[in-house]
Amino acid sequence: MIRNVAREIAMHLSYELSFTDLTADELLDQRLSGSHFDALSAEYEVYGALPGPSQRAYIRKLVKGIAVHGYELDQYIEKYAKGWRFERIPLVAGAIMRLAMYEILYMPEIPNGAAINEAVEIAKKYESADVVRFINGILGSFVRKEASASYGAGAPVAEASVTAETE
């Protein structure tokens with residue numbers, strides 16, 4: 001299993017976490033099982049194979065990190081979603097942006113451009129073209145303004161090709 005599949009699974013689980021009373025650990029323990037993957041494999045290609053140990057660790061890190069930093073990540077989404085009320089943003093789009101923003105802020109080993117590009121590719125599977133452009137624009141603005149501030153003025157910030165601005 002490659003990292004982009006692990007990201008997509010993490011997006012599903014972080015989305016689901018917002019609708020359950022389970023803790024992140026409980027949800028991860030239930031959903032990262034062979035029986036759960038078997039049940040979903042016909043509906044979703046990403047559940048075709050159970051993740052290996054390194055992919056499970058990556059998924060756990062993302063989902064738990066998003067659970068801990070969800071409020072902060074939502075504040076960034078709201079800040080850059082110019083002209084949109086947060087409640088109007090599709091829930092899947094929010095889960096995708098949280099995932100990318102978490103990687104950008106808390107996983108410096110992931111290039112910012114890779115986090116954005118992967119988020120856009122996941123969004124293309126679940127959202128309309130307009131929402132994909134919206135996600136790309138928000139993440140591009142976020143990287144330009146927040147990531148460089150977080151890592152210091154001299155730190156390089158990888159850019160993805162932004163096709164739509166939200167400002």
# chains A, B, ... in the order shown; residues from 1 in each chain; ligands from 1
$ residues_around --residues "Ile66 of chain A" --least-positions-apart "2" --cutoff "7 Å" --atoms "only C-alpha atoms" --output "short mmCIF file (atom, residue, chain, number, x, y, z; two decimals) with all heavy atoms, in the first residue's frame"
data_model
loop_
_atom_site.label_atom_id
_atom_site.label_comp_id
_atom_site.auth_asym_id
_atom_site.auth_seq_id
_atom_site.Cartn_x
_atom_site.Cartn_y
_atom_site.Cartn_z
N SER A 14 -10.97 10.22 9.52
CA SER A 14 -11.11 11.51 10.21
C SER A 14 -12.50 12.10 9.95
O SER A 14 -13.08 12.72 10.83
CB SER A 14 -10.01 12.48 9.81
OG SER A 14 -10.07 12.80 8.45
N LEU A 62 -1.96 10.44 11.41
CA LEU A 62 -2.81 11.45 10.79
C LEU A 62 -4.14 11.60 11.52
O LEU A 62 -4.54 12.71 11.89
CB LEU A 62 -3.07 11.11 9.32
CG LEU A 62 -1.94 11.33 8.34
CD1 LEU A 62 -2.30 10.77 6.97
CD2 LEU A 62 -1.60 12.81 8.22
N VAL A 63 -4.84 10.50 11.74
CA VAL A 63 -6.17 10.57 12.34
C VAL A 63 -6.11 11.10 13.77
O VAL A 63 -6.90 11.96 14.15
CB VAL A 63 -6.87 9.19 12.27
CG1 VAL A 63 -8.19 9.21 13.03
CG2 VAL A 63 -7.11 8.79 10.81
N LYS A 64 -5.16 10.62 14.54
CA LYS A 64 -5.03 11.10 15.91
C LYS A 64 -4.61 12.57 15.94
O LYS A 64 -5.11 13.35 16.76
CB LYS A 64 -4.05 10.22 16.69
CG LYS A 64 -4.63 8.84 16.96
CD LYS A 64 -3.61 7.86 17.48
CE LYS A 64 -3.25 8.16 18.91
NZ LYS A 64 -2.43 7.07 19.50
N VAL A 68 -6.76 15.72 17.53
CA VAL A 68 -6.22 16.63 18.55
C VAL A 68 -6.24 18.08 18.07
O VAL A 68 -6.56 18.99 18.83
CB VAL A 68 -4.78 16.21 18.94
CG1 VAL A 68 -4.09 17.27 19.77
CG2 VAL A 68 -4.79 14.88 19.67
N HIS A 69 -5.92 18.31 16.81
CA HIS A 69 -5.77 19.67 16.28
C HIS A 69 -6.95 20.12 15.42
O HIS A 69 -6.84 21.12 14.71
CB HIS A 69 -4.48 19.78 15.47
CG HIS A 69 -3.25 19.57 16.29
ND1 HIS A 69 -2.73 20.55 17.10
CD2 HIS A 69 -2.47 18.47 16.46
CE1 HIS A 69 -1.66 20.07 17.72
NE2 HIS A 69 -1.48 18.81 17.35
N GLY A 70 -8.06 19.40 15.48
CA GLY A 70 -9.20 19.70 14.62
C GLY A 70 -9.71 21.12 14.72
O GLY A 70 -9.98 21.75 13.69
N ARG A 98 -8.29 19.38 6.32
CA ARG A 98 -7.68 19.12 7.63
C ARG A 98 -6.47 18.21 7.49
O ARG A 98 -5.43 18.44 8.10
CB ARG A 98 -8.68 18.48 8.58
CG ARG A 98 -9.67 19.43 9.17
CD ARG A 98 -10.56 18.72 10.19
NE ARG A 98 -11.82 19.41 10.25
CZ ARG A 98 -12.96 18.96 9.74
NH1 ARG A 98 -13.04 17.78 9.18
NH2 ARG A 98 -14.04 19.69 9.83
N LEU A 99 -6.62 17.17 6.69
CA LEU A 99 -5.53 16.22 6.50
C LEU A 99 -4.31 16.91 5.92
O LEU A 99 -3.19 16.78 6.43
CB LEU A 99 -6.01 15.08 5.58
CG LEU A 99 -5.03 13.94 5.41
CD1 LEU A 99 -5.77 12.62 5.56
CD2 LEU A 99 -4.36 14.00 4.07
N TYR A 102 -2.77 19.39 8.39
CA TYR A 102 -2.04 18.70 9.46
C TYR A 102 -0.66 18.27 8.96
O TYR A 102 0.34 18.46 9.66
CB TYR A 102 -2.83 17.49 9.98
CG TYR A 102 -2.07 16.78 11.07
CD1 TYR A 102 -2.09 17.27 12.37
CD2 TYR A 102 -1.29 15.67 10.79
CE1 TYR A 102 -1.34 16.66 13.37
CE2 TYR A 102 -0.55 15.05 11.78
CZ TYR A 102 -0.58 15.56 13.07
OH TYR A 102 0.17 14.96 14.05
#
$ residues_around --residues "Val46 of chain A" --least-positions-apart "5" --cutoff "9 Å" --atoms "only C-alpha atoms" --output "number ranges by chain"
A: 1, 5-6, 8-9, 37, 40-41
$ write_last_selection --atoms "all heavy atoms" --output "compact mmCIF listing (two decimals), in the first residue's frame"
# COMPACT_ATOMS: atom_id res chain seq x y z
N MET A 1 0.85 -1.19 0.00
CA MET A 1 0.00 0.00 0.00
C MET A 1 0.89 1.24 0.00
O MET A 1 1.85 1.31 0.75
CB MET A 1 -0.89 -0.02 1.25
CG MET A 1 -1.72 1.23 1.40
SD MET A 1 -2.80 1.18 2.82
CE MET A 1 -3.97 -0.03 2.28
N VAL A 5 -2.81 6.09 -0.78
CA VAL A 5 -3.95 5.27 -0.35
C VAL A 5 -4.13 5.41 1.16
O VAL A 5 -5.26 5.54 1.66
CB VAL A 5 -3.73 3.79 -0.76
CG1 VAL A 5 -4.81 2.89 -0.17
CG2 VAL A 5 -3.70 3.66 -2.27
N ALA A 6 -3.04 5.42 1.90
CA ALA A 6 -3.11 5.62 3.35
C ALA A 6 -3.74 6.97 3.68
O ALA A 6 -4.54 7.08 4.61
CB ALA A 6 -1.73 5.48 3.98
N GLU A 8 -5.92 8.60 1.87
CA GLU A 8 -7.35 8.53 1.58
C GLU A 8 -8.09 7.79 2.68
O GLU A 8 -9.18 8.19 3.10
CB GLU A 8 -7.58 7.87 0.23
CG GLU A 8 -9.02 7.96 -0.24
CD GLU A 8 -9.20 7.50 -1.68
OE1 GLU A 8 -8.22 7.36 -2.42
OE2 GLU A 8 -10.38 7.31 -2.06
N ILE A 9 -7.52 6.72 3.18
CA ILE A 9 -8.13 5.99 4.29
C ILE A 9 -8.18 6.89 5.53
O ILE A 9 -9.19 6.95 6.23
CB ILE A 9 -7.37 4.68 4.57
CG1 ILE A 9 -7.58 3.71 3.40
CG2 ILE A 9 -7.82 4.04 5.89
CD1 ILE A 9 -6.64 2.51 3.40
N PHE A 37 -11.99 -3.98 6.28
CA PHE A 37 -11.52 -3.81 4.91
C PHE A 37 -12.25 -4.75 3.96
O PHE A 37 -12.62 -4.36 2.86
CB PHE A 37 -10.00 -4.02 4.83
CG PHE A 37 -9.23 -2.75 5.11
CD1 PHE A 37 -9.24 -2.17 6.37
CD2 PHE A 37 -8.52 -2.13 4.10
CE1 PHE A 37 -8.56 -1.00 6.63
CE2 PHE A 37 -7.84 -0.94 4.34
CZ PHE A 37 -7.85 -0.37 5.61
N LEU A 40 -15.66 -3.33 3.07
CA LEU A 40 -15.69 -2.14 2.22
C LEU A 40 -14.98 -2.30 0.88
O LEU A 40 -15.06 -1.42 0.03
CB LEU A 40 -15.05 -0.96 2.97
CG LEU A 40 -15.83 -0.45 4.18
CD1 LEU A 40 -15.06 0.67 4.86
CD2 LEU A 40 -17.21 0.04 3.77
N SER A 41 -14.28 -3.40 0.68
CA SER A 41 -13.45 -3.54 -0.52
C SER A 41 -14.25 -3.49 -1.82
O SER A 41 -13.74 -2.99 -2.83
CB SER A 41 -12.62 -4.82 -0.44
OG SER A 41 -13.46 -5.96 -0.44
$ closest_residue --among "A:Arg88, A:Arg60, A:Arg3, A:His12" --to "Leu28 of chain A" --atoms "only C-alpha atoms"
A:Arg60
$ atom_distance --atom1 "atom CA of Ile89 of chain A" --atom2 "atom CA of Ile135 of chain A"
9.8 Å
$ closest_residue --among "A:Phe142, A:Tyr71, A:Tyr58, A:Tyr126" --to "Leu32 of chain A" --atoms "only C-alpha atoms"
A:Tyr58
$ select_by_dssp --residues "chain A" --states "alpha helix (DSSP H)" --output "MDAnalysis selection string"
chainID A and resid 3:17 24:31 34:40 53:80 91:106 112:126 129:142 148:151
$ residues_around --residues "segment 104-108 of chain A" --least-positions-apart "5" --cutoff "9 Å" --atoms "only C-alpha atoms" --output "ChimeraX atom specification"
/A:65,99,113,115-116,143,146-147,150-151
$ atom_distance --atom1 "atom CA of Asp21 of chain A" --atom2 "atom CA of Pro51 of chain A"
24.4 Å
$ residues_around --residues "Glu78 of chain A" --least-positions-apart "5" --cutoff "10 Å" --atoms "only C-alpha atoms" --output "list in words"
Glu72, Leu73, Gly83, Trp84, Arg85, Phe86, Glu87, Ile89, Gly94 and Ile138 of chain A
$ residues_around --residues "Gly34 of chain A" --least-positions-apart "4" --cutoff "10 Å" --atoms "only C-alpha atoms" --output "VMD selection string"
chain A and resid 30 38 to 39 47 49 to 51
$ closest_residue --among "A:Arg31, A:Lys61, A:Ser141, A:Tyr76" --to "Glu103 of chain A" --atoms "only C-alpha atoms"
A:Lys61
$ residues_around --residues "Ser18 of chain A" --least-positions-apart "6" --cutoff "10 Å" --atoms "only C-alpha atoms" --output "PyMOL selection string"
chain A and resi 24+67+70+91+95
$ decode --residues "segment 87-118 of chain A" --atoms "N, CA and C atoms" --output "mmCIF file, in the first residue's frame"
data_model
loop_
_atom_site.group_PDB
_atom_site.id
_atom_site.type_symbol
_atom_site.label_atom_id
_atom_site.label_comp_id
_atom_site.auth_asym_id
_atom_site.auth_seq_id
_atom_site.Cartn_x
_atom_site.Cartn_y
_atom_site.Cartn_z
ATOM 1 N N GLU A 87 -19.911 26.442 7.831
ATOM 2 C CA GLU A 87 -20.984 25.448 7.789
ATOM 3 C C GLU A 87 -21.349 25.056 6.359
ATOM 4 N N ARG A 88 -21.042 25.915 5.397
ATOM 5 C CA ARG A 88 -21.365 25.671 3.994
ATOM 6 C C ARG A 88 -20.348 24.780 3.284
ATOM 7 N N ILE A 89 -19.190 24.612 3.876
ATOM 8 C CA ILE A 89 -18.133 23.809 3.255
ATOM 9 C C ILE A 89 -18.519 22.338 3.352
ATOM 10 N N PRO A 90 -18.488 21.613 2.245
ATOM 11 C CA PRO A 90 -18.821 20.183 2.301
ATOM 12 C C PRO A 90 -17.944 19.453 3.326
ATOM 13 N N LEU A 91 -18.545 18.526 4.058
ATOM 14 C CA LEU A 91 -17.828 17.838 5.139
ATOM 15 C C LEU A 91 -16.625 17.043 4.636
ATOM 16 N N VAL A 92 -16.753 16.413 3.482
ATOM 17 C CA VAL A 92 -15.618 15.670 2.931
ATOM 18 C C VAL A 92 -14.495 16.649 2.570
ATOM 19 N N ALA A 93 -14.845 17.785 1.992
ATOM 20 C CA ALA A 93 -13.835 18.792 1.658
ATOM 21 C C ALA A 93 -13.114 19.257 2.915
ATOM 22 N N GLY A 94 -13.847 19.445 3.993
ATOM 23 C CA GLY A 94 -13.223 19.831 5.262
ATOM 24 C C GLY A 94 -12.256 18.769 5.753
ATOM 25 N N ALA A 95 -12.647 17.509 5.653
ATOM 26 C CA ALA A 95 -11.769 16.411 6.085
ATOM 27 C C ALA A 95 -10.498 16.366 5.239
ATOM 28 N N ILE A 96 -10.630 16.613 3.957
ATOM 29 C CA ILE A 96 -9.466 16.605 3.059
ATOM 30 C C ILE A 96 -8.526 17.755 3.412
ATOM 31 N N MET A 97 -9.080 18.941 3.644
ATOM 32 C CA MET A 97 -8.236 20.090 3.981
ATOM 33 C C MET A 97 -7.574 19.925 5.341
ATOM 34 N N ARG A 98 -8.289 19.376 6.321
ATOM 35 C CA ARG A 98 -7.677 19.123 7.628
ATOM 36 C C ARG A 98 -6.468 18.209 7.488
ATOM 37 N N LEU A 99 -6.624 17.173 6.695
ATOM 38 C CA LEU A 99 -5.535 16.216 6.497
ATOM 39 C C LEU A 99 -4.307 16.913 5.915
ATOM 40 N N ALA A 100 -4.489 17.661 4.845
ATOM 41 C CA ALA A 100 -3.357 18.349 4.211
ATOM 42 C C ALA A 100 -2.738 19.377 5.147
ATOM 43 N N MET A 101 -3.567 20.146 5.839
ATOM 44 C CA MET A 101 -3.044 21.162 6.758
ATOM 45 C C MET A 101 -2.277 20.521 7.916
ATOM 46 N N TYR A 102 -2.766 19.394 8.394
ATOM 47 C CA TYR A 102 -2.044 18.695 9.463
ATOM 48 C C TYR A 102 -0.663 18.272 8.959
ATOM 49 N N GLU A 103 -0.607 17.699 7.765
ATOM 50 C CA GLU A 103 0.692 17.293 7.213
ATOM 51 C C GLU A 103 1.621 18.500 7.066
ATOM 52 N N ILE A 104 1.092 19.601 6.569
ATOM 53 C CA ILE A 104 1.909 20.804 6.352
ATOM 54 C C ILE A 104 2.436 21.353 7.678
ATOM 55 N N LEU A 105 1.598 21.407 8.683
ATOM 56 C CA LEU A 105 2.006 22.000 9.956
ATOM 57 C C LEU A 105 2.808 21.070 10.851
ATOM 58 N N TYR A 106 2.477 19.791 10.865
ATOM 59 C CA TYR A 106 3.030 18.897 11.881
ATOM 60 C C TYR A 106 3.881 17.753 11.342
ATOM 61 N N MET A 107 4.031 17.665 10.039
ATOM 62 C CA MET A 107 4.840 16.598 9.461
ATOM 63 C C MET A 107 5.822 17.212 8.461
ATOM 64 N N PRO A 108 6.877 17.846 8.962
ATOM 65 C CA PRO A 108 7.799 18.556 8.071
ATOM 66 C C PRO A 108 8.496 17.659 7.052
ATOM 67 N N GLU A 109 8.482 16.349 7.269
ATOM 68 C CA GLU A 109 9.086 15.439 6.299
ATOM 69 C C GLU A 109 8.242 15.308 5.025
ATOM 70 N N ILE A 110 6.997 15.765 5.075
ATOM 71 C CA ILE A 110 6.111 15.743 3.904
ATOM 72 C C ILE A 110 6.231 17.103 3.211
ATOM 73 N N PRO A 111 6.670 17.143 1.958
ATOM 74 C CA PRO A 111 6.730 18.435 1.252
ATOM 75 C C PRO A 111 5.331 19.051 1.150
ATOM 76 N N ASN A 112 5.272 20.359 1.321
ATOM 77 C CA ASN A 112 3.982 21.053 1.266
ATOM 78 C C ASN A 112 3.271 20.809 -0.057
ATOM 79 N N GLY A 113 4.015 20.850 -1.148
ATOM 80 C CA GLY A 113 3.415 20.610 -2.458
ATOM 81 C C GLY A 113 2.820 19.221 -2.573
ATOM 82 N N ALA A 114 3.477 18.236 -1.977
ATOM 83 C CA ALA A 114 2.949 16.865 -2.004
ATOM 84 C C ALA A 114 1.653 16.778 -1.211
ATOM 85 N N ALA A 115 1.605 17.436 -0.053
ATOM 86 C CA ALA A 115 0.387 17.418 0.762
ATOM 87 C C ALA A 115 -0.782 18.038 -0.010
ATOM 88 N N ILE A 116 -0.526 19.155 -0.683
ATOM 89 C CA ILE A 116 -1.587 19.821 -1.450
ATOM 90 C C ILE A 116 -1.986 18.981 -2.656
ATOM 91 N N ASN A 117 -1.017 18.509 -3.403
ATOM 92 C CA ASN A 117 -1.337 17.720 -4.593
ATOM 93 C C ASN A 117 -2.120 16.460 -4.250
ATOM 94 N N GLU A 118 -1.732 15.780 -3.182
ATOM 95 C CA GLU A 118 -2.463 14.578 -2.762
ATOM 96 C C GLU A 118 -3.879 14.935 -2.325
#
